[in-house]
Amino acid sequence: MAAKTVDTSALQFNQISIIVLVLAGYIFDFPILPAIVAVILVAGAIDQRSSLFQWIYRATILPAGVLTPRIVEDDGSAHRFAQMLGGVTLTAASVALFTGATAVGWILAWVVVVLAGVNLAFGFCAGCFLYYQIRKFRSAHAAGNTQGA
């Protein structure tokens, strides 16, 4: 079986894009930006080929030499889960923003910004951590169910 790989520079570009766009939405009071980011994240988590951030990364950032690929052995499932979690959180933020619950909306948006920033600065992906904890729990639970059979 071939090893699975992830381009960590592409992940960094995703995080930078999330931070910049959501912060711009907050600073300029333009709540459509978190909604746009939510759509991009959910679409990319469902099908990586439809990720606008990844398309921009491959079409402009790499050819311009702004970032270079850093390929590591890793399973992208955890990263896609984290991306979906960020997209769902920004969707909830957008619903709140467009229905008048502005404080709730921006708090949810800021949670995504802070977690993307932590990942960018320290390499800790909270969504990935949650993914692995759920997987560990499910494995332990499945193992416990088979022992009693």
# chains A, B, ... in the order shown; residues from 1 in each chain; ligands from 1
>>> residues_around(residues="segment 86-89 of chain A", least_positions_apart="6", cutoff="9 Å", atoms="only C-alpha atoms", output="PDB file with C-alpha atoms, in the first residue's frame")
ATOM      1  CA  ALA A  35     -19.797  32.885   4.506  1.00  0.00           C
ATOM      2  CA  VAL A  37     -14.829  31.010   3.398  1.00  0.00           C
ATOM      3  CA  ALA A  38     -17.369  28.560   4.830  1.00  0.00           C
ATOM      4  CA  VAL A  39     -18.433  27.515   1.324  1.00  0.00           C
ATOM      5  CA  ILE A  40     -14.808  27.158   0.201  1.00  0.00           C
ATOM      6  CA  LEU A  41     -13.930  25.023   3.240  1.00  0.00           C
ATOM      7  CA  VAL A  42     -16.946  22.734   3.030  1.00  0.00           C
ATOM      8  CA  ALA A  43     -16.567  22.267  -0.726  1.00  0.00           C
ATOM      9  CA  ALA A  45     -13.434  19.069   2.481  1.00  0.00           C
ATOM     10  CA  LEU A 108     -17.704  31.803  16.185  1.00  0.00           C
ATOM     11  CA  ALA A 109     -15.722  33.329  13.319  1.00  0.00           C
ATOM     12  CA  VAL A 111     -12.783  30.772  17.076  1.00  0.00           C
ATOM     13  CA  VAL A 112     -11.940  29.601  13.555  1.00  0.00           C
ATOM     14  CA  LEU A 115      -7.535  27.886  15.740  1.00  0.00           C
ATOM     15  CA  ALA A 116      -6.175  28.475  12.213  1.00  0.00           C
ATOM     16  CA  GLY A 127      -9.621  19.638  14.415  1.00  0.00           C
TER      17      GLY A 127
END
>>> select_by_dssp(residues="segment 28-72 of chain A", states="alpha helix (DSSP H)", output="PyMOL selection string")
chain A and resi 32-46+52-56+62-64
>>> write_last_selection(atoms="C-alpha atoms", output="short mmCIF file (atom, residue, chain, number, x, y, z; two decimals), in the first residue's frame")
data_model
loop_
_atom_site.label_atom_id
_atom_site.label_comp_id
_atom_site.auth_asym_id
_atom_site.auth_seq_id
_atom_site.Cartn_x
_atom_site.Cartn_y
_atom_site.Cartn_z
CA ILE A 32 -20.26 37.81 3.50
CA LEU A 33 -16.54 36.97 3.75
CA PRO A 34 -16.90 34.34 6.51
CA ALA A 35 -19.80 32.88 4.51
CA ILE A 36 -17.62 32.66 1.39
CA VAL A 37 -14.83 31.01 3.40
CA ALA A 38 -17.37 28.56 4.83
CA VAL A 39 -18.43 27.51 1.32
CA ILE A 40 -14.81 27.16 0.20
CA LEU A 41 -13.93 25.02 3.24
CA VAL A 42 -16.95 22.73 3.03
CA ALA A 43 -16.57 22.27 -0.73
CA GLY A 44 -12.85 21.52 -0.35
CA ALA A 45 -13.43 19.07 2.48
CA ILE A 46 -15.99 17.19 0.39
CA LEU A 52 -10.62 27.35 -4.36
CA PHE A 53 -7.75 27.88 -1.92
CA GLN A 54 -5.93 24.83 -3.28
CA TRP A 55 -6.53 25.94 -6.86
CA ILE A 56 -5.04 29.38 -6.08
CA LEU A 62 3.63 27.70 -6.28
CA PRO A 63 4.56 29.07 -9.74
CA ALA A 64 5.40 32.45 -8.17
#
>>> residues_around(residues="Ser94 of chain A", least_positions_apart="2", cutoff="7 Å", atoms="only C-alpha atoms", output="tab-separated table (two decimals) with C-alpha atoms, in the first residue's frame")
chain	number	residue	atom	x	y	z
A	31	PRO	CA	-20.09	39.34	6.97
A	34	PRO	CA	-16.90	34.34	6.51
A	35	ALA	CA	-19.80	32.88	4.51
A	90	LEU	CA	-18.18	29.48	9.83
A	91	THR	CA	-21.56	28.46	8.42
A	92	ALA	CA	-23.04	28.78	11.91
A	96	ALA	CA	-25.80	34.20	13.21
A	97	LEU	CA	-24.38	37.25	11.44
A	98	PHE	CA	-27.18	37.37	8.87
A	105	GLY	CA	-21.46	35.24	14.74
>>> select_by_dssp(residues="chain A", states="strand (DSSP E)", output="list of chain:residue names")
A:Thr5, A:Val6, A:Asp7, A:Ile71, A:Val72, A:Glu73
>>> atom_distance(atom1="atom CA of Ser9 of chain A", atom2="atom CA of Phe30 of chain A")
28.0 Å
